[in-house]
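Enquirer: First the structure, which I've put down as structure tokens, then a few questions once you've had a look.
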Amino acid sequence: MNIKRLLENISDMARQHKDRGKVADYIPELARIDPAQFGISVCLANGEQHSAGDAATPFSIQSISKVFSLALALGRLGDSLWNHVGREPSGYAFDSIVQLEYEKGIPRNPFINAGAIVVTDAILAGSTPAETLGELLRFIRVAADDEDIHINDRVALSEKATGARNTALAHFMRSFGNLRNEIDLTLGTYFHQCAIEMNCAQLARSGRFLMNAEGSIIPRLISSARIRRINALMLTCGHYNGSGDFAFRVGLPGKSGVGGGILVIAPMRASIAVWSPGLNSYGNSKLGTEAMEIFAQKTGWSVFG
Ligand code: GLN
């Protein structure tokens with residue numbers, strides 16, 4: 001299998017695609033992004049990396065940051081994290097509030113917004129937002145083996161300015177006693193973590209630890225048991241109410257963000273990052289999903305055999 005050629009073919013196809021989805025417009029800074037972009041990068045377990053298209057263009061990783069905050073939270077709290085957040089797919093949009101009342105302020109999973117706010121609140125406990133964000137950035141930089149990964153403050157402030165929905169989710173959870181810190185601090189940390197920027201090449205490298213590849217050269221940042229659990233959550237919840245569709249079409253664990261990025265893990269084989277800013281109706285990258293569907297078909301990689 002010539003991965004480099006496959007990525008170039010996929011990138012050429014994506015470039016010609018007319019129907020590119022719609023960029024997220026509820027965060028004004030993201031509404032300005034040109035949808036005519038596509039990048040893809042793959043890190044293999046043997047250390048090779050191949051990229052195509054706009055793989056060096058930085059983008060807002062948004063909800064993909066939730067994979068790293070979850071890894072950090074599990075390191076800090078261990079299984080007690082699960083007293084505050086569930087592990088079931090939600091079947092509702094990423095920013096939905098409806099289940100929260102029935103389920104007494106315990107969000108369905110750590111990847112919907114409410115769940116990710118709880119995870120951020122957990123890693124913030126006992127530290128300042130600056131320390132917490134510093135720790136998260138350090139984790140990502142080590143994982144990616146790249147110091148040049150930063151937060152875009154304009155995106156964070158833009159999201160804060162229009163963050164009524166996330167603020168509502170946080171107050172609602174607070175009323176059930178499921179947030180420990182001041183809401184402004186938790187949300188400020190959450191908005192800044194979502195505003196981390198990476199390009200596809202960096203994002204693919206940052207996901208290598210999730211391949212769980214035996215005897216590989218990749219640093220082991222968390223235990224194998226935790227890696228398997230994070231992959232399980234990415235498969236069942238990583239694309240919100242589009243998670244079933246992604247599992248059906250791609251068959252690999254993935255985490256999307258409204259910036260149009262997707263981090264996909266082929267366990268033991270590869271970490272893949274794809275980016276195209278236009279989104280489908282679930283808020284996941286439209287061309288990114290289509291590209292991963294072709295990639296999985298051509299490589300034959302799947303967690304389902
Ligand atoms: N920062 C975004 C939000 O909270 C993340 C959502 C996403 O990427 N799906 O709305």
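Chain labels A, B, ... are given in the sequence in which chains occur in the structure tokens; within each chain residues are numbered consecutively from 1, and ligands are likewise numbered from 1 in the order shown.
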List as a list in words the protein and nucleic acid residues near Ser302 of chain A, meaning an atom at most 12 Å away when only C-alpha atoms are counted, but skip any in the same chain fewer than 5 places from it.

Expert: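 In the requested format, the answer is Leu235, Phe246, Ala247, Phe248, Arg249, Val250, Gly251, Leu252, Pro253, Gly254, Val264, Ile265, Ala266, Pro267, Met268, Arg269, Ala270, Met292, Glu293, Phe295, Ala296 and Gln297 of chain A.
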
Enquirer: Give me every strand (DSSP E) residue in segment 30-171 of chain A, going by DSSP on the backbone, as a list in words.

Expert: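 Output for segment 30-171 of chain A, strand (DSSP E) only: Gly39, Ile40, Ser41, Val42, Cys43, Leu44, Gln49, His50, Ser51, Ala52, Gly53, Phe59, Ser60, His150 and Ile151 of chain A.
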
Enquirer: Skipping near chain neighbours, those fewer than 4 positions away, what residues fall within 10 Å of Asn2 of chain A using only C-alpha atoms, listed as a list of chain:residue names?

Expert: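 Non-adjacent residues within range: A:Leu6, A:Leu7, A:Thr299.
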
Enquirer: Using all heavy atoms, can you export the residues from the last selection as a compact mmCIF listing (two decimals), in the first residue's frame?

Expert:
# COMPACT_ATOMS: atom_id res chain seq x y z
N LEU A 6 -1.92 7.41 -1.96
CA LEU A 6 -3.34 7.40 -1.56
C LEU A 6 -3.75 8.78 -1.02
O LEU A 6 -4.80 9.32 -1.38
CB LEU A 6 -3.57 6.30 -0.51
CG LEU A 6 -4.96 6.25 0.13
CD1 LEU A 6 -6.05 6.03 -0.92
CD2 LEU A 6 -5.02 5.13 1.19
N LEU A 7 -2.90 9.36 -0.16
CA LEU A 7 -3.23 10.68 0.41
C LEU A 7 -3.30 11.73 -0.69
O LEU A 7 -4.18 12.60 -0.68
CB LEU A 7 -2.20 11.09 1.46
CG LEU A 7 -2.08 10.19 2.69
CD1 LEU A 7 -1.15 10.82 3.71
CD2 LEU A 7 -3.45 9.93 3.32
N THR A 299 -7.35 1.21 2.57
CA THR A 299 -6.35 0.53 3.40
C THR A 299 -6.91 -0.78 3.96
O THR A 299 -6.15 -1.67 4.35
CB THR A 299 -5.93 1.40 4.61
OG1 THR A 299 -7.11 1.78 5.31
CG2 THR A 299 -5.15 2.63 4.17

Enquirer: Name the residues, by chain letter and number, that sit within 7 Å of ligand 1 using only C-alpha atoms and all ligand atoms, and give them as a list in words.

Expert: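 Listed by chain and ascending number, the contacts are Gln62, Ser63, Ile64, Phe94, Asp95, Asn113, Glu159, Asn166, Phe191, Cys194, Ser256, Gly257, Val258, Gly259 and Gly283 of chain A.
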
Enquirer: Quick one: write out the picked residues with C-alpha atoms as a PDB file, in the first residue's frame?

Expert:
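The new file again-v6.pdb reads:
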ATOM      1  CA  GLN A  62     -11.999  22.837  18.937  1.00  0.00           C
ATOM      2  CA  SER A  63     -13.552  19.637  20.324  1.00  0.00           C
ATOM      3  CA  ILE A  64     -10.572  17.484  19.371  1.00  0.00           C
ATOM      4  CA  PHE A  94     -22.953  18.392  20.717  1.00  0.00           C
ATOM      5  CA  ASP A  95     -24.381  21.422  22.552  1.00  0.00           C
ATOM      6  CA  ASN A 113     -19.944  20.063  25.353  1.00  0.00           C
ATOM      7  CA  GLU A 159     -16.353  31.967  21.461  1.00  0.00           C
ATOM      8  CA  ASN A 166     -22.154  26.737  26.882  1.00  0.00           C
ATOM      9  CA  PHE A 191     -12.916  28.180  25.524  1.00  0.00           C
ATOM     10  CA  CYS A 194     -10.937  24.648  22.225  1.00  0.00           C
ATOM     11  CA  SER A 256     -14.154  15.753  15.371  1.00  0.00           C
ATOM     12  CA  GLY A 257     -14.198  19.483  16.048  1.00  0.00           C
ATOM     13  CA  VAL A 258     -16.275  22.336  14.592  1.00  0.00           C
ATOM     14  CA  GLY A 259     -13.062  23.793  13.153  1.00  0.00           C
ATOM     15  CA  GLY A 283     -21.269  19.593  12.849  1.00  0.00           C
TER      16      GLY A 283
END

Enquirer: Considering only C-alpha atoms, state which residue in the set A:Asp184, A:Glu101, A:Glu290, A:Glu135 is at the smallest distance from Ile10 of chain A.

Expert: A:Glu290

Enquirer: May I ask which of the residues A:Pro107, A:Gly288, A:Gly75, A:Gly21 is the closest one to Asn178 of chain A, counting only C-alpha atoms?

Expert: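 Closest candidate: A:Pro107.
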
Enquirer: Kindly give the distance, in Å, that separates atom CA of Ser223 of chain A and atom CA of Gly78 of chain A, rounded to a single decimal.

Expert: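 Atom CA of Gly78 of chain A lies 11.5 Å from atom CA of Ser223 of chain A.
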
Enquirer: Show me, as a PDB file with N, CA, C and O atoms, in the first residue's frame, the residues that have an atom within 6 Å of Phe59 of chain A when counting only C-alpha atoms, minus same-chain residues fewer than 6 positions from it.

Expert:
ATOM      1  N   GLU A 197      -4.563  25.761  18.345  1.00  0.00           N
ATOM      2  CA  GLU A 197      -4.409  25.574  16.896  1.00  0.00           C
ATOM      3  C   GLU A 197      -3.320  24.557  16.594  1.00  0.00           C
ATOM      4  O   GLU A 197      -2.283  24.551  17.247  1.00  0.00           O
ATOM      5  N   MET A 198      -3.592  23.730  15.607  1.00  0.00           N
ATOM      6  CA  MET A 198      -2.579  22.787  15.109  1.00  0.00           C
ATOM      7  C   MET A 198      -2.808  22.617  13.624  1.00  0.00           C
ATOM      8  O   MET A 198      -3.914  22.883  13.131  1.00  0.00           O
ATOM      9  N   ASN A 199      -1.792  22.134  12.929  1.00  0.00           N
ATOM     10  CA  ASN A 199      -2.025  21.726  11.544  1.00  0.00           C
ATOM     11  C   ASN A 199      -2.162  20.196  11.523  1.00  0.00           C
ATOM     12  O   ASN A 199      -1.971  19.531  12.549  1.00  0.00           O
TER      13      ASN A 199
END

Enquirer: Residues near Ala164 of chain A, anyone? I mean within 12 Å using only C-alpha atoms, not counting same-chain ones fewer than 6 positions away, as a short mmCIF file (atom, residue, chain, number, x, y, z; two decimals) with C-alpha atoms, in the first residue's frame.

Expert:
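The result, written out as out06.cif:
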data_model
loop_
_atom_site.label_atom_id
_atom_site.label_comp_id
_atom_site.auth_asym_id
_atom_site.auth_seq_id
_atom_site.Cartn_x
_atom_site.Cartn_y
_atom_site.Cartn_z
CA TYR A 26 -21.80 30.44 15.69
CA ILE A 27 -18.18 31.32 16.57
CA ASP A 95 -24.38 21.42 22.55
CA SER A 158 -14.89 35.15 20.01
CA ALA A 170 -22.44 25.20 32.90
CA HIS A 171 -24.99 26.98 35.12
CA LEU A 187 -15.62 28.24 30.87
#

Enquirer: Which residues of segment 193-293 of chain A have any atom within 7 Å of an atom in segment 81-90 of chain A when counting only C-alpha atoms, and what is the closest pair of atoms for each, with the distance in Å to one decimal? Order the rows by chain and rising number and write it as a Markdown table.

Expert:
| residue | atom | partner | partner_atom | distance |
| --- | --- | --- | --- | --- |
| A:Thr236 | CA | A:Pro89 | CA | 5.8 |
| A:Cys237 | CA | A:Pro89 | CA | 5.0 |
| A:Tyr240 | CA | A:Ser90 | CA | 6.8 |
| A:Asn241 | CA | A:Ser90 | CA | 6.7 |

Enquirer: Segment 102-258 of chain A: which residues are alpha helix (DSSP H) by DSSP, as a ChimeraX atom specification?

Expert: /A:102,113-124,129-144,153-161,164-175,183-194,200-206,224-237,243-249

Enquirer: Would you export the selected residues with C-alpha atoms as a JSON list (two decimals), in the first residue's frame, please?

Expert:
[["chain", "number", "residue", "atom", "x", "y", "z"],
["A", 102, "TYR", "CA", -33.41, 13.99, 33.26],
["A", 113, "ASN", "CA", -19.94, 20.06, 25.35],
["A", 114, "ALA", "CA", -21.52, 19.54, 28.79],
["A", 115, "GLY", "CA", -19.27, 16.52, 29.44],
["A", 116, "ALA", "CA", -16.15, 18.32, 28.26],
["A", 117, "ILE", "CA", -16.94, 21.28, 30.52],
["A", 118, "VAL", "CA", -17.09, 18.84, 33.47],
["A", 119, "VAL", "CA", -13.73, 17.32, 32.45],
["A", 120, "THR", "CA", -12.14, 20.77, 32.18],
["A", 121, "ASP", "CA", -13.62, 21.68, 35.57],
["A", 122, "ALA", "CA", -12.01, 18.52, 37.00],
["A", 123, "ILE", "CA", -8.50, 19.35, 35.75],
["A", 124, "LEU", "CA", -8.91, 22.96, 36.85],
["A", 129, "PRO", "CA", -6.70, 28.46, 34.36],
["A", 130, "ALA", "CA", -3.19, 29.48, 33.19],
["A", 131, "GLU", "CA", -1.60, 26.48, 34.94],
["A", 132, "THR", "CA", -4.24, 24.09, 33.62],
["A", 133, "LEU", "CA", -3.91, 25.35, 30.06],
["A", 134, "GLY", "CA", -0.12, 25.19, 30.41],
["A", 135, "GLU", "CA", -0.36, 21.56, 31.50],
["A", 136, "LEU", "CA", -2.68, 20.71, 28.62],
["A", 137, "LEU", "CA", -0.40, 22.42, 26.09],
["A", 138, "ARG", "CA", 2.61, 20.64, 27.56],
["A", 139, "PHE", "CA", 0.88, 17.27, 27.15],
["A", 140, "ILE", "CA", -0.03, 18.04, 23.53],
["A", 141, "ARG", "CA", 3.44, 19.40, 22.68],
["A", 142, "VAL", "CA", 5.13, 16.30, 24.11],
["A", 143, "ALA", "CA", 2.66, 14.05, 22.27],
["A", 144, "ALA", "CA", 3.27, 15.90, 19.00],
["A", 153, "ASP", "CA", -6.79, 34.12, 21.85],
["A", 154, "ARG", "CA", -9.02, 35.76, 19.25],
["A", 155, "VAL", "CA", -10.89, 32.48, 18.74],
["A", 156, "ALA", "CA", -11.22, 31.96, 22.51],
["A", 157, "LEU", "CA", -12.61, 35.48, 23.01],
["A", 158, "SER", "CA", -14.89, 35.15, 20.01],
["A", 159, "GLU", "CA", -16.35, 31.97, 21.46],
["A", 160, "LYS", "CA", -16.71, 33.54, 24.89],
["A", 161, "ALA", "CA", -18.57, 36.52, 23.40],
["A", 164, "ALA", "CA", -24.52, 31.76, 25.80],
["A", 165, "ARG", "CA", -25.27, 28.08, 25.15],
["A", 166, "ASN", "CA", -22.15, 26.74, 26.88],
["A", 167, "THR", "CA", -22.71, 29.20, 29.74],
["A", 168, "ALA", "CA", -26.26, 27.87, 30.13],
["A", 169, "LEU", "CA", -24.97, 24.26, 30.20],
["A", 170, "ALA", "CA", -22.44, 25.20, 32.90],
["A", 171, "HIS", "CA", -24.99, 26.98, 35.12],
["A", 172, "PHE", "CA", -27.40, 24.09, 34.75],
["A", 173, "MET", "CA", -24.75, 21.57, 35.85],
["A", 174, "ARG", "CA", -23.73, 23.87, 38.69],
["A", 175, "SER", "CA", -27.32, 23.78, 39.97],
["A", 183, "ILE", "CA", -18.20, 29.10, 36.17],
["A", 184, "ASP", "CA", -16.21, 31.91, 34.56],
["A", 185, "LEU", "CA", -12.95, 30.13, 35.33],
["A", 186, "THR", "CA", -14.12, 26.76, 34.03],
["A", 187, "LEU", "CA", -15.62, 28.24, 30.87],
["A", 188, "GLY", "CA", -12.62, 30.50, 30.26],
["A", 189, "THR", "CA", -10.37, 27.44, 30.44],
["A", 190, "TYR", "CA", -12.72, 25.44, 28.20],
["A", 191, "PHE", "CA", -12.92, 28.18, 25.52],
["A", 192, "HIS", "CA", -9.13, 28.51, 25.48],
["A", 193, "GLN", "CA", -8.53, 24.75, 25.21],
["A", 194, "CYS", "CA", -10.94, 24.65, 22.23],
["A", 200, "CYS", "CA", -2.77, 18.20, 10.28],
["A", 201, "ALA", "CA", 0.88, 17.12, 10.54],
["A", 202, "GLN", "CA", 1.05, 18.18, 14.21],
["A", 203, "LEU", "CA", -2.36, 16.74, 15.04],
["A", 204, "ALA", "CA", -1.53, 13.34, 13.54],
["A", 205, "ARG", "CA", 1.69, 13.26, 15.60],
["A", 206, "SER", "CA", -0.15, 14.30, 18.76],
["A", 224, "SER", "CA", -2.76, 0.80, 27.47],
["A", 225, "ALA", "CA", -5.96, 0.26, 29.46],
["A", 226, "ARG", "CA", -6.75, 3.99, 29.32],
["A", 227, "ILE", "CA", -5.86, 4.20, 25.64],
["A", 228, "ARG", "CA", -8.40, 1.46, 24.86],
["A", 229, "ARG", "CA", -11.08, 3.25, 26.83],
["A", 230, "ILE", "CA", -10.44, 6.60, 25.13],
["A", 231, "ASN", "CA", -10.62, 4.86, 21.74],
["A", 232, "ALA", "CA", -13.91, 3.22, 22.76],
["A", 233, "LEU", "CA", -15.34, 6.63, 23.66],
["A", 234, "MET", "CA", -14.06, 8.15, 20.40],
["A", 235, "LEU", "CA", -15.80, 5.40, 18.45],
["A", 236, "THR", "CA", -19.13, 5.65, 20.31],
["A", 237, "CYS", "CA", -19.25, 9.38, 21.11],
["A", 243, "SER", "CA", -21.06, 8.75, 15.78],
["A", 244, "GLY", "CA", -23.02, 5.77, 14.47],
["A", 245, "ASP", "CA", -22.71, 7.07, 10.92],
["A", 246, "PHE", "CA", -18.94, 7.58, 11.28],
["A", 247, "ALA", "CA", -18.47, 4.09, 12.77],
["A", 248, "PHE", "CA", -20.55, 2.63, 9.93],
["A", 249, "ARG", "CA", -18.72, 4.49, 7.16]]

Enquirer: Which of these residues is nearest to Ile196 of chain A, using only C-alpha atoms: A:His239, A:His50, A:Lys298, A:His150?

Expert: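 Checking each candidate against Ile196 of chain A, we get A:His150 as the closest.
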
Enquirer: Determine the nearest neighbour of Gly260 of chain A from the options A:Ala213, A:Ala31, A:Ala273, A:Leu279, counting only C-alpha atoms.

Expert: A:Leu279

Enquirer: Using only C-alpha atoms, pick whichever of A:Ile112, A:Ile33, A:Leu287, A:Ile222 has the shortest atom-to-atom distance to Asp19 of chain A.

Expert: A:Leu287

Enquirer: Skipping near chain neighbours, those fewer than 4 positions away, what residues fall within 10 Å of Arg5 of chain A using only C-alpha atoms, listed as a list in words?

Expert: Met1, Asn9, Ile10, Ser11, His50, Ser51 and Ala52 of chain A

Enquirer: So, with only C-alpha atoms as the atoms that count, which of A:Pro58, A:Leu74, A:Pro277, A:Leu263 lies closest to Ile149 of chain A?

Expert: A:Pro58

Enquirer: Excluding Gln37 of chain A and residues on its chain fewer than 3 positions from it, collect all residues at most 9 Å away from it, counting only C-alpha atoms, and give them as a PDB file with C-alpha atoms, in the first residue's frame.

Expert:
ATOM      1  CA  ALA A  14     -11.280  16.736  -2.182  1.00  0.00           C
ATOM      2  CA  ARG A  15      -9.918  19.781  -3.991  1.00  0.00           C
ATOM      3  CA  ASP A  34     -12.095  29.741   3.700  1.00  0.00           C
ATOM      4  CA  GLY A  53      -2.898  19.065   0.671  1.00  0.00           C
ATOM      5  CA  ASP A  54      -2.999  21.871   3.246  1.00  0.00           C
ATOM      6  CA  TRP A 275      -9.100  18.836   8.005  1.00  0.00           C
ATOM      7  CA  SER A 276     -11.616  20.611   5.846  1.00  0.00           C
ATOM      8  CA  PRO A 277     -13.603  23.475   7.411  1.00  0.00           C
ATOM      9  CA  GLY A 278     -17.048  22.802   5.880  1.00  0.00           C
TER      10      GLY A 278
END
